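Here the structure is laid out as structure tokens; the discussion comes afterwards.
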Amino acid sequence: MLGSARADDNAVIGRWYSALLVADRGSLADMLADDARIRLQDVDTEQNKQQFLASMDEWQGAVSGADIRHRVESADNGLVTVVVCYDFPGNDLLTREVFALTDERITASSQATIAENCDGF
């Protein structure tokens, strides 16, 4: 059972980045729990689900022509840690993101930059 729980968590994370790449508000909304909290550590911001979805208008322009690659570092007890390369047309960025999942829905997410480029990813 633990193996399938991990596989489910990894599938959620894969769907998350696919939806994020195209700013698919409907899919992102479906994956987020109603009381989800999204923390962007670099800019000391925390958003609720509605605020995060509202930010997709601006994000859609930023992510145009970009690629998002991710690698799950660990998945244990509903916490999934992911290293992510955001490869924008003009620059790239490497982050570490931690997701809390319950019943295949994201209840919390925290993101912090670990490098100003994706060298070695």
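In the structure tokens, chains take the letters A, B, ... in the order shown, each chain's residues start at 1, and ligands count up from 1 in the order shown.
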Contacts of Leu21 (chain A) at 12 Å (only C-alpha atoms; same-chain gap of 4+ positions) as a list in words: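 My list of contacting residues is Gly14, Arg15, Trp16, Tyr17, Arg25, Ser27, Leu28, Met56, Trp59, Gln60, Gly61, Ala62, Val63, Ser64, Gly65, Ala66, Asp67, Ile68, Arg69, His70, Cys85, Tyr86, Asp87 and Phe88 of chain A.
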How would the residues just chosen look if you wrote them out with N, CA, C and O atoms as a JSON list (two decimals), in the first residue's frame?
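Result written to result.json:
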[["chain", "number", "residue", "atom", "x", "y", "z"],
["A", 14, "GLY", "N", 3.41, 15.32, -10.78],
["A", 14, "GLY", "CA", 3.56, 15.40, -12.23],
["A", 14, "GLY", "C", 2.45, 16.22, -12.87],
["A", 14, "GLY", "O", 2.69, 17.07, -13.74],
["A", 15, "ARG", "N", 1.22, 15.97, -12.43],
["A", 15, "ARG", "CA", 0.07, 16.74, -12.96],
["A", 15, "ARG", "C", 0.19, 18.21, -12.58],
["A", 15, "ARG", "O", -0.17, 19.10, -13.36],
["A", 16, "TRP", "N", 0.67, 18.48, -11.36],
["A", 16, "TRP", "CA", 0.83, 19.87, -10.89],
["A", 16, "TRP", "C", 1.72, 20.67, -11.84],
["A", 16, "TRP", "O", 1.37, 21.74, -12.30],
["A", 17, "TYR", "N", 2.90, 20.12, -12.14],
["A", 17, "TYR", "CA", 3.83, 20.87, -12.99],
["A", 17, "TYR", "C", 3.34, 20.96, -14.43],
["A", 17, "TYR", "O", 3.58, 21.97, -15.10],
["A", 25, "ARG", "N", -5.80, 26.84, -14.73],
["A", 25, "ARG", "CA", -6.43, 27.17, -13.46],
["A", 25, "ARG", "C", -7.38, 26.08, -12.96],
["A", 25, "ARG", "O", -7.45, 25.79, -11.79],
["A", 27, "SER", "N", -7.33, 22.76, -13.53],
["A", 27, "SER", "CA", -6.59, 21.61, -12.99],
["A", 27, "SER", "C", -5.90, 21.95, -11.68],
["A", 27, "SER", "O", -5.91, 21.16, -10.74],
["A", 28, "LEU", "N", -5.29, 23.14, -11.62],
["A", 28, "LEU", "CA", -4.63, 23.55, -10.38],
["A", 28, "LEU", "C", -5.65, 23.64, -9.24],
["A", 28, "LEU", "O", -5.38, 23.19, -8.13],
["A", 56, "MET", "N", -2.33, 33.43, -11.45],
["A", 56, "MET", "CA", -2.07, 32.72, -12.69],
["A", 56, "MET", "C", -2.13, 33.63, -13.92],
["A", 56, "MET", "O", -1.51, 33.36, -14.93],
["A", 59, "TRP", "N", 1.37, 34.85, -14.03],
["A", 59, "TRP", "CA", 2.22, 33.68, -14.26],
["A", 59, "TRP", "C", 2.14, 33.21, -15.71],
["A", 59, "TRP", "O", 3.14, 32.82, -16.30],
["A", 60, "GLN", "N", 0.95, 33.27, -16.31],
["A", 60, "GLN", "CA", 0.76, 32.78, -17.67],
["A", 60, "GLN", "C", 1.70, 33.50, -18.64],
["A", 60, "GLN", "O", 2.29, 32.88, -19.52],
["A", 61, "GLY", "N", 1.87, 34.81, -18.46],
["A", 61, "GLY", "CA", 2.80, 35.56, -19.30],
["A", 61, "GLY", "C", 4.25, 35.17, -19.03],
["A", 61, "GLY", "O", 5.05, 35.03, -19.95],
["A", 62, "ALA", "N", 4.58, 34.98, -17.76],
["A", 62, "ALA", "CA", 5.96, 34.66, -17.38],
["A", 62, "ALA", "C", 6.38, 33.28, -17.89],
["A", 62, "ALA", "O", 7.54, 33.07, -18.26],
["A", 63, "VAL", "N", 5.46, 32.33, -17.92],
["A", 63, "VAL", "CA", 5.79, 30.95, -18.25],
["A", 63, "VAL", "C", 5.68, 30.66, -19.76],
["A", 63, "VAL", "O", 6.06, 29.59, -20.21],
["A", 64, "SER", "N", 5.23, 31.64, -20.51],
["A", 64, "SER", "CA", 5.11, 31.45, -21.96],
["A", 64, "SER", "C", 6.48, 31.15, -22.57],
["A", 64, "SER", "O", 7.44, 31.89, -22.38],
["A", 65, "GLY", "N", 6.58, 30.02, -23.27],
["A", 65, "GLY", "CA", 7.84, 29.61, -23.89],
["A", 65, "GLY", "C", 8.82, 28.94, -22.94],
["A", 65, "GLY", "O", 9.94, 28.63, -23.31],
["A", 66, "ALA", "N", 8.41, 28.72, -21.71],
["A", 66, "ALA", "CA", 9.29, 28.11, -20.70],
["A", 66, "ALA", "C", 9.15, 26.60, -20.68],
["A", 66, "ALA", "O", 8.28, 26.03, -21.34],
["A", 67, "ASP", "N", 10.00, 25.97, -19.89],
["A", 67, "ASP", "CA", 9.90, 24.55, -19.61],
["A", 67, "ASP", "C", 10.06, 24.38, -18.11],
["A", 67, "ASP", "O", 10.79, 25.15, -17.47],
["A", 68, "ILE", "N", 9.37, 23.42, -17.56],
["A", 68, "ILE", "CA", 9.50, 23.12, -16.13],
["A", 68, "ILE", "C", 9.88, 21.65, -16.02],
["A", 68, "ILE", "O", 9.15, 20.78, -16.48],
["A", 69, "ARG", "N", 11.04, 21.39, -15.43],
["A", 69, "ARG", "CA", 11.48, 20.02, -15.21],
["A", 69, "ARG", "C", 11.55, 19.80, -13.71],
["A", 69, "ARG", "O", 11.95, 20.70, -12.97],
["A", 70, "HIS", "N", 11.15, 18.62, -13.27],
["A", 70, "HIS", "CA", 11.17, 18.35, -11.84],
["A", 70, "HIS", "C", 11.67, 16.94, -11.55],
["A", 70, "HIS", "O", 11.58, 16.06, -12.40],
["A", 85, "CYS", "N", 13.49, 22.74, -11.94],
["A", 85, "CYS", "CA", 14.15, 23.70, -12.81],
["A", 85, "CYS", "C", 13.08, 24.43, -13.60],
["A", 85, "CYS", "O", 12.34, 23.81, -14.36],
["A", 86, "TYR", "N", 12.99, 25.74, -13.36],
["A", 86, "TYR", "CA", 12.12, 26.60, -14.16],
["A", 86, "TYR", "C", 13.02, 27.20, -15.25],
["A", 86, "TYR", "O", 13.87, 28.03, -14.96],
["A", 87, "ASP", "N", 12.85, 26.73, -16.47],
["A", 87, "ASP", "CA", 13.70, 27.14, -17.59],
["A", 87, "ASP", "C", 12.93, 28.16, -18.43],
["A", 87, "ASP", "O", 12.21, 27.80, -19.36],
["A", 88, "PHE", "N", 13.06, 29.43, -18.05],
["A", 88, "PHE", "CA", 12.38, 30.51, -18.75],
["A", 88, "PHE", "C", 13.20, 30.91, -19.98],
["A", 88, "PHE", "O", 14.41, 30.67, -20.01]]
Run DSSP on the backbone of this structure and report the residues of chain A it assigns to strand (DSSP E), as a ChimeraX atom specification. /A:32-40,45-48,67-76,79-87,92-102,105-115
Who sits within 12 Å of Met31 (chain A), only C-alpha atoms, same chain under 2 positions skipped, as a PyMOL selection string: chain A and resi 9+11-20+24-29+33-36+49+53+99-109
Deliver the residues from the most recent selection as a file, using N, CA, C and O atoms, as a compact mmCIF listing (two decimals), in the first residue's frame.
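Printed below is result_15.txt as written:
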# COMPACT_ATOMS: atom_id res chain seq x y z
N ASP A 9 1.16 10.06 -5.04
CA ASP A 9 1.74 11.38 -4.73
C ASP A 9 2.59 11.86 -5.90
O ASP A 9 2.50 13.03 -6.30
N ALA A 11 2.28 11.07 -9.00
CA ALA A 11 1.38 11.39 -10.11
C ALA A 11 0.77 12.78 -9.91
O ALA A 11 0.65 13.56 -10.86
N VAL A 12 0.38 13.10 -8.68
CA VAL A 12 -0.16 14.43 -8.38
C VAL A 12 0.88 15.49 -8.70
O VAL A 12 0.57 16.51 -9.34
N ILE A 13 2.12 15.26 -8.29
CA ILE A 13 3.19 16.23 -8.53
C ILE A 13 3.42 16.41 -10.03
O ILE A 13 3.57 17.53 -10.53
N GLY A 14 3.41 15.32 -10.78
CA GLY A 14 3.56 15.40 -12.23
C GLY A 14 2.45 16.22 -12.87
O GLY A 14 2.69 17.07 -13.74
N ARG A 15 1.22 15.97 -12.43
CA ARG A 15 0.07 16.74 -12.96
C ARG A 15 0.19 18.21 -12.58
O ARG A 15 -0.17 19.10 -13.36
N TRP A 16 0.67 18.48 -11.36
CA TRP A 16 0.83 19.87 -10.89
C TRP A 16 1.72 20.67 -11.84
O TRP A 16 1.37 21.74 -12.30
N TYR A 17 2.90 20.12 -12.14
CA TYR A 17 3.83 20.87 -12.99
C TYR A 17 3.34 20.96 -14.43
O TYR A 17 3.58 21.97 -15.10
N SER A 18 2.65 19.95 -14.92
CA SER A 18 2.05 20.03 -16.26
C SER A 18 1.02 21.16 -16.32
O SER A 18 0.98 21.93 -17.28
N ALA A 19 0.18 21.25 -15.29
CA ALA A 19 -0.84 22.31 -15.23
C ALA A 19 -0.20 23.68 -15.03
O ALA A 19 -0.63 24.67 -15.62
N LEU A 20 0.85 23.74 -14.20
CA LEU A 20 1.52 25.01 -13.93
C LEU A 20 2.17 25.55 -15.20
O LEU A 20 2.14 26.76 -15.46
N ASP A 24 -3.04 26.21 -16.15
CA ASP A 24 -4.36 25.59 -16.22
C ASP A 24 -5.06 25.74 -14.87
O ASP A 24 -4.93 24.91 -13.99
N ARG A 25 -5.80 26.84 -14.73
CA ARG A 25 -6.43 27.17 -13.46
C ARG A 25 -7.38 26.08 -12.96
O ARG A 25 -7.45 25.79 -11.79
N GLY A 26 -8.12 25.47 -13.88
CA GLY A 26 -9.08 24.43 -13.49
C GLY A 26 -8.38 23.23 -12.88
O GLY A 26 -8.78 22.74 -11.82
N SER A 27 -7.33 22.76 -13.53
CA SER A 27 -6.59 21.61 -12.99
C SER A 27 -5.90 21.95 -11.68
O SER A 27 -5.91 21.16 -10.74
N LEU A 28 -5.29 23.14 -11.62
CA LEU A 28 -4.63 23.55 -10.38
C LEU A 28 -5.65 23.64 -9.24
O LEU A 28 -5.38 23.19 -8.13
N ALA A 29 -6.81 24.21 -9.52
CA ALA A 29 -7.86 24.33 -8.51
C ALA A 29 -8.30 22.96 -8.01
O ALA A 29 -8.52 22.76 -6.81
N ALA A 33 -6.37 21.64 -2.11
CA ALA A 33 -7.42 21.58 -1.10
C ALA A 33 -7.98 22.99 -0.90
O ALA A 33 -7.30 23.98 -1.16
N ASP A 34 -9.23 23.08 -0.45
CA ASP A 34 -9.86 24.40 -0.28
C ASP A 34 -9.09 25.29 0.68
O ASP A 34 -9.06 26.51 0.51
N ASP A 35 -8.45 24.70 1.69
CA ASP A 35 -7.71 25.49 2.68
C ASP A 35 -6.20 25.47 2.44
O ASP A 35 -5.41 25.74 3.34
N ALA A 36 -5.79 25.17 1.21
CA ALA A 36 -4.36 25.08 0.88
C ALA A 36 -3.65 26.41 1.11
O ALA A 36 -4.24 27.48 0.95
N LYS A 49 -5.65 29.50 -1.57
CA LYS A 49 -5.99 28.92 -2.87
C LYS A 49 -6.46 29.99 -3.85
O LYS A 49 -6.01 30.04 -5.00
N LEU A 53 -4.58 31.11 -7.36
CA LEU A 53 -5.23 30.99 -8.67
C LEU A 53 -5.32 32.34 -9.36
O LEU A 53 -5.15 32.43 -10.59
N PHE A 99 5.72 19.69 -0.78
CA PHE A 99 4.26 19.62 -0.83
C PHE A 99 3.75 18.73 0.29
O PHE A 99 4.33 17.68 0.55
N ALA A 100 2.67 19.15 0.91
CA ALA A 100 1.93 18.28 1.83
C ALA A 100 0.68 17.83 1.08
O ALA A 100 -0.05 18.67 0.54
N LEU A 101 0.48 16.52 1.03
CA LEU A 101 -0.67 15.97 0.31
C LEU A 101 -1.54 15.14 1.24
O LEU A 101 -1.02 14.39 2.08
N THR A 102 -2.84 15.28 1.06
CA THR A 102 -3.81 14.46 1.76
C THR A 102 -4.86 14.04 0.73
O THR A 102 -5.43 14.90 0.05
N ASP A 103 -5.07 12.74 0.62
CA ASP A 103 -6.06 12.22 -0.33
C ASP A 103 -5.85 12.79 -1.74
O ASP A 103 -6.80 13.24 -2.39
N GLU A 104 -4.59 12.80 -2.19
CA GLU A 104 -4.21 13.25 -3.53
C GLU A 104 -4.53 14.71 -3.80
O GLU A 104 -4.68 15.13 -4.95
N ARG A 105 -4.63 15.52 -2.74
CA ARG A 105 -4.82 16.96 -2.90
C ARG A 105 -3.71 17.68 -2.14
O ARG A 105 -3.29 17.24 -1.08
N ILE A 106 -3.26 18.78 -2.69
CA ILE A 106 -2.19 19.56 -2.07
C ILE A 106 -2.80 20.44 -0.99
O ILE A 106 -3.69 21.25 -1.26
N THR A 107 -2.32 20.25 0.24
CA THR A 107 -2.81 21.07 1.35
C THR A 107 -1.85 22.20 1.67
O THR A 107 -2.25 23.20 2.26
N ALA A 108 -0.58 22.04 1.30
CA ALA A 108 0.41 23.09 1.53
C ALA A 108 1.57 22.89 0.56
O ALA A 108 1.87 21.78 0.13
N SER A 109 2.19 24.01 0.21
CA SER A 109 3.36 24.00 -0.65
C SER A 109 4.30 25.10 -0.20
O SER A 109 3.85 26.19 0.18
Counting only C-alpha atoms, figure out which residue out of A:Val84, A:Val43, A:Val22, A:Leu79 gets nearest to Asp57 (chain A). A:Val22
Would you give me, as a short mmCIF file (atom, residue, chain, number, x, y, z; two decimals) with N, CA, C and O atoms, in the first residue's frame, the residues in region 6-116 of chain A that DSSP reads as helix (DSSP H, G or I)?
data_model
loop_
_atom_site.label_atom_id
_atom_site.label_comp_id
_atom_site.auth_asym_id
_atom_site.auth_seq_id
_atom_site.Cartn_x
_atom_site.Cartn_y
_atom_site.Cartn_z
N ARG A 6 2.83 6.34 -2.61
CA ARG A 6 3.93 7.14 -3.15
C ARG A 6 3.72 7.38 -4.65
O ARG A 6 3.93 8.48 -5.14
N ALA A 7 3.30 6.36 -5.38
CA ALA A 7 3.04 6.51 -6.81
C ALA A 7 1.94 7.54 -7.04
O ALA A 7 2.03 8.37 -7.95
N ASP A 8 0.89 7.51 -6.22
CA ASP A 8 -0.19 8.49 -6.33
C ASP A 8 0.34 9.90 -6.09
O ASP A 8 0.00 10.84 -6.81
N ASP A 9 1.16 10.06 -5.04
CA ASP A 9 1.74 11.38 -4.73
C ASP A 9 2.59 11.86 -5.90
O ASP A 9 2.50 13.03 -6.30
N ASN A 10 3.42 10.98 -6.46
CA ASN A 10 4.25 11.36 -7.60
C ASN A 10 3.40 11.75 -8.80
O ASN A 10 3.74 12.68 -9.53
N ALA A 11 2.28 11.07 -9.00
CA ALA A 11 1.38 11.39 -10.11
C ALA A 11 0.77 12.78 -9.91
O ALA A 11 0.65 13.56 -10.86
N VAL A 12 0.38 13.10 -8.68
CA VAL A 12 -0.16 14.43 -8.38
C VAL A 12 0.88 15.49 -8.70
O VAL A 12 0.57 16.51 -9.34
N ILE A 13 2.12 15.26 -8.29
CA ILE A 13 3.19 16.23 -8.53
C ILE A 13 3.42 16.41 -10.03
O ILE A 13 3.57 17.53 -10.53
N GLY A 14 3.41 15.32 -10.78
CA GLY A 14 3.56 15.40 -12.23
C GLY A 14 2.45 16.22 -12.87
O GLY A 14 2.69 17.07 -13.74
N ARG A 15 1.22 15.97 -12.43
CA ARG A 15 0.07 16.74 -12.96
C ARG A 15 0.19 18.21 -12.58
O ARG A 15 -0.17 19.10 -13.36
N TRP A 16 0.67 18.48 -11.36
CA TRP A 16 0.83 19.87 -10.89
C TRP A 16 1.72 20.67 -11.84
O TRP A 16 1.37 21.74 -12.30
N TYR A 17 2.90 20.12 -12.14
CA TYR A 17 3.83 20.87 -12.99
C TYR A 17 3.34 20.96 -14.43
O TYR A 17 3.58 21.97 -15.10
N SER A 18 2.65 19.95 -14.92
CA SER A 18 2.05 20.03 -16.26
C SER A 18 1.02 21.16 -16.32
O SER A 18 0.98 21.93 -17.28
N ALA A 19 0.18 21.25 -15.29
CA ALA A 19 -0.84 22.31 -15.23
C ALA A 19 -0.20 23.68 -15.03
O ALA A 19 -0.63 24.67 -15.62
N LEU A 20 0.85 23.74 -14.20
CA LEU A 20 1.52 25.01 -13.93
C LEU A 20 2.17 25.55 -15.20
O LEU A 20 2.14 26.76 -15.46
N LEU A 21 2.70 24.68 -16.03
CA LEU A 21 3.38 25.10 -17.25
C LEU A 21 2.44 25.84 -18.20
O LEU A 21 2.87 26.74 -18.92
N ARG A 25 -5.80 26.84 -14.73
CA ARG A 25 -6.43 27.17 -13.46
C ARG A 25 -7.38 26.08 -12.96
O ARG A 25 -7.45 25.79 -11.79
N GLY A 26 -8.12 25.47 -13.88
CA GLY A 26 -9.08 24.43 -13.49
C GLY A 26 -8.38 23.23 -12.88
O GLY A 26 -8.78 22.74 -11.82
N SER A 27 -7.33 22.76 -13.53
CA SER A 27 -6.59 21.61 -12.99
C SER A 27 -5.90 21.95 -11.68
O SER A 27 -5.91 21.16 -10.74
N LEU A 28 -5.29 23.14 -11.62
CA LEU A 28 -4.63 23.55 -10.38
C LEU A 28 -5.65 23.64 -9.24
O LEU A 28 -5.38 23.19 -8.13
N ALA A 29 -6.81 24.21 -9.52
CA ALA A 29 -7.86 24.33 -8.51
C ALA A 29 -8.30 22.96 -8.01
O ALA A 29 -8.52 22.76 -6.81
N ASP A 30 -8.42 21.99 -8.94
CA ASP A 30 -8.82 20.64 -8.56
C ASP A 30 -7.79 19.96 -7.67
O ASP A 30 -8.14 19.15 -6.81
N MET A 31 -6.52 20.28 -7.87
CA MET A 31 -5.46 19.62 -7.09
C MET A 31 -5.24 20.25 -5.73
O MET A 31 -4.68 19.62 -4.83
N GLN A 41 8.97 31.37 -0.21
CA GLN A 41 9.92 31.82 0.81
C GLN A 41 10.78 32.99 0.33
O GLN A 41 11.09 33.90 1.11
N ASP A 42 11.19 32.98 -0.95
CA ASP A 42 12.09 34.02 -1.46
C ASP A 42 11.49 35.42 -1.38
O ASP A 42 12.22 36.40 -1.22
N VAL A 43 10.19 35.51 -1.53
CA VAL A 43 9.53 36.82 -1.48
C VAL A 43 8.67 36.96 -0.22
O VAL A 43 7.87 37.88 -0.12
N LYS A 49 -5.65 29.50 -1.57
CA LYS A 49 -5.99 28.92 -2.87
C LYS A 49 -6.46 29.99 -3.85
O LYS A 49 -6.01 30.04 -5.00
N GLN A 50 -7.36 30.86 -3.43
CA GLN A 50 -7.92 31.87 -4.31
C GLN A 50 -6.85 32.86 -4.77
O GLN A 50 -6.81 33.25 -5.94
N GLN A 51 -5.97 33.28 -3.86
CA GLN A 51 -4.91 34.21 -4.22
C GLN A 51 -3.93 33.56 -5.21
O GLN A 51 -3.49 34.21 -6.17
N PHE A 52 -3.61 32.30 -4.97
CA PHE A 52 -2.71 31.59 -5.88
C PHE A 52 -3.31 31.51 -7.28
O PHE A 52 -2.65 31.80 -8.28
N LEU A 53 -4.58 31.11 -7.36
CA LEU A 53 -5.23 30.99 -8.67
C LEU A 53 -5.32 32.34 -9.36
O LEU A 53 -5.15 32.43 -10.59
N ALA A 54 -5.55 33.40 -8.60
CA ALA A 54 -5.61 34.75 -9.19
C ALA A 54 -4.25 35.16 -9.75
O ALA A 54 -4.18 35.92 -10.73
N MET A 56 -2.33 33.43 -11.45
CA MET A 56 -2.07 32.72 -12.69
C MET A 56 -2.13 33.63 -13.92
O MET A 56 -1.51 33.36 -14.93
N ASP A 57 -2.86 34.75 -13.84
CA ASP A 57 -2.88 35.68 -14.97
C ASP A 57 -1.47 36.20 -15.24
O ASP A 57 -1.00 36.18 -16.38
N GLU A 58 -0.79 36.65 -14.21
CA GLU A 58 0.58 37.14 -14.35
C GLU A 58 1.53 35.99 -14.70
O GLU A 58 2.42 36.12 -15.55
N TRP A 59 1.37 34.85 -14.03
CA TRP A 59 2.22 33.68 -14.26
C TRP A 59 2.14 33.21 -15.71
O TRP A 59 3.14 32.82 -16.30
N GLN A 60 0.95 33.27 -16.31
CA GLN A 60 0.76 32.78 -17.67
C GLN A 60 1.70 33.50 -18.64
O GLN A 60 2.29 32.88 -19.52
N GLY A 61 1.87 34.81 -18.46
CA GLY A 61 2.80 35.56 -19.30
C GLY A 61 4.25 35.17 -19.03
O GLY A 61 5.05 35.03 -19.95
N ALA A 62 4.58 34.98 -17.76
CA ALA A 62 5.96 34.66 -17.38
C ALA A 62 6.38 33.28 -17.89
O ALA A 62 7.54 33.07 -18.26
N VAL A 63 5.46 32.33 -17.92
CA VAL A 63 5.79 30.95 -18.25
C VAL A 63 5.68 30.66 -19.76
O VAL A 63 6.06 29.59 -20.21
#
Hey, what's within 9 Å of Arg96 (chain A) if we count only C-alpha atoms and toss same-chain stuff fewer than 4 positions away? As a VMD selection string, please? chain A and resid 81 to 84 110 to 114
Could you save those same residues with C-alpha atoms as a short mmCIF file (atom, residue, chain, number, x, y, z; two decimals), in the first residue's frame?
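File produced: part-v6.cif:
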data_model
loop_
_atom_site.label_atom_id
_atom_site.label_comp_id
_atom_site.auth_asym_id
_atom_site.auth_seq_id
_atom_site.Cartn_x
_atom_site.Cartn_y
_atom_site.Cartn_z
CA THR A 81 10.15 17.16 -1.71
CA VAL A 82 10.88 18.13 -5.30
CA VAL A 83 13.82 19.84 -7.03
CA VAL A 84 12.48 21.98 -9.88
CA SER A 110 6.59 25.79 0.14
CA GLN A 111 9.11 26.98 -2.45
CA ALA A 112 12.67 28.31 -2.05
CA THR A 113 15.37 29.07 -4.60
CA ILE A 114 18.48 26.91 -4.32
#
Can you tell me how far CA of Ala115 (chain A) sits from CA of Leu94 (chain A), in Å to one decimal?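 Between CA of Ala115 (chain A) and CA of Leu94 (chain A) the gap works out to 5.0 Å.
Note that the spacing between CA of Gln47 (chain A) and CA of Pro89 (chain A) amounts to 26.0 Å.
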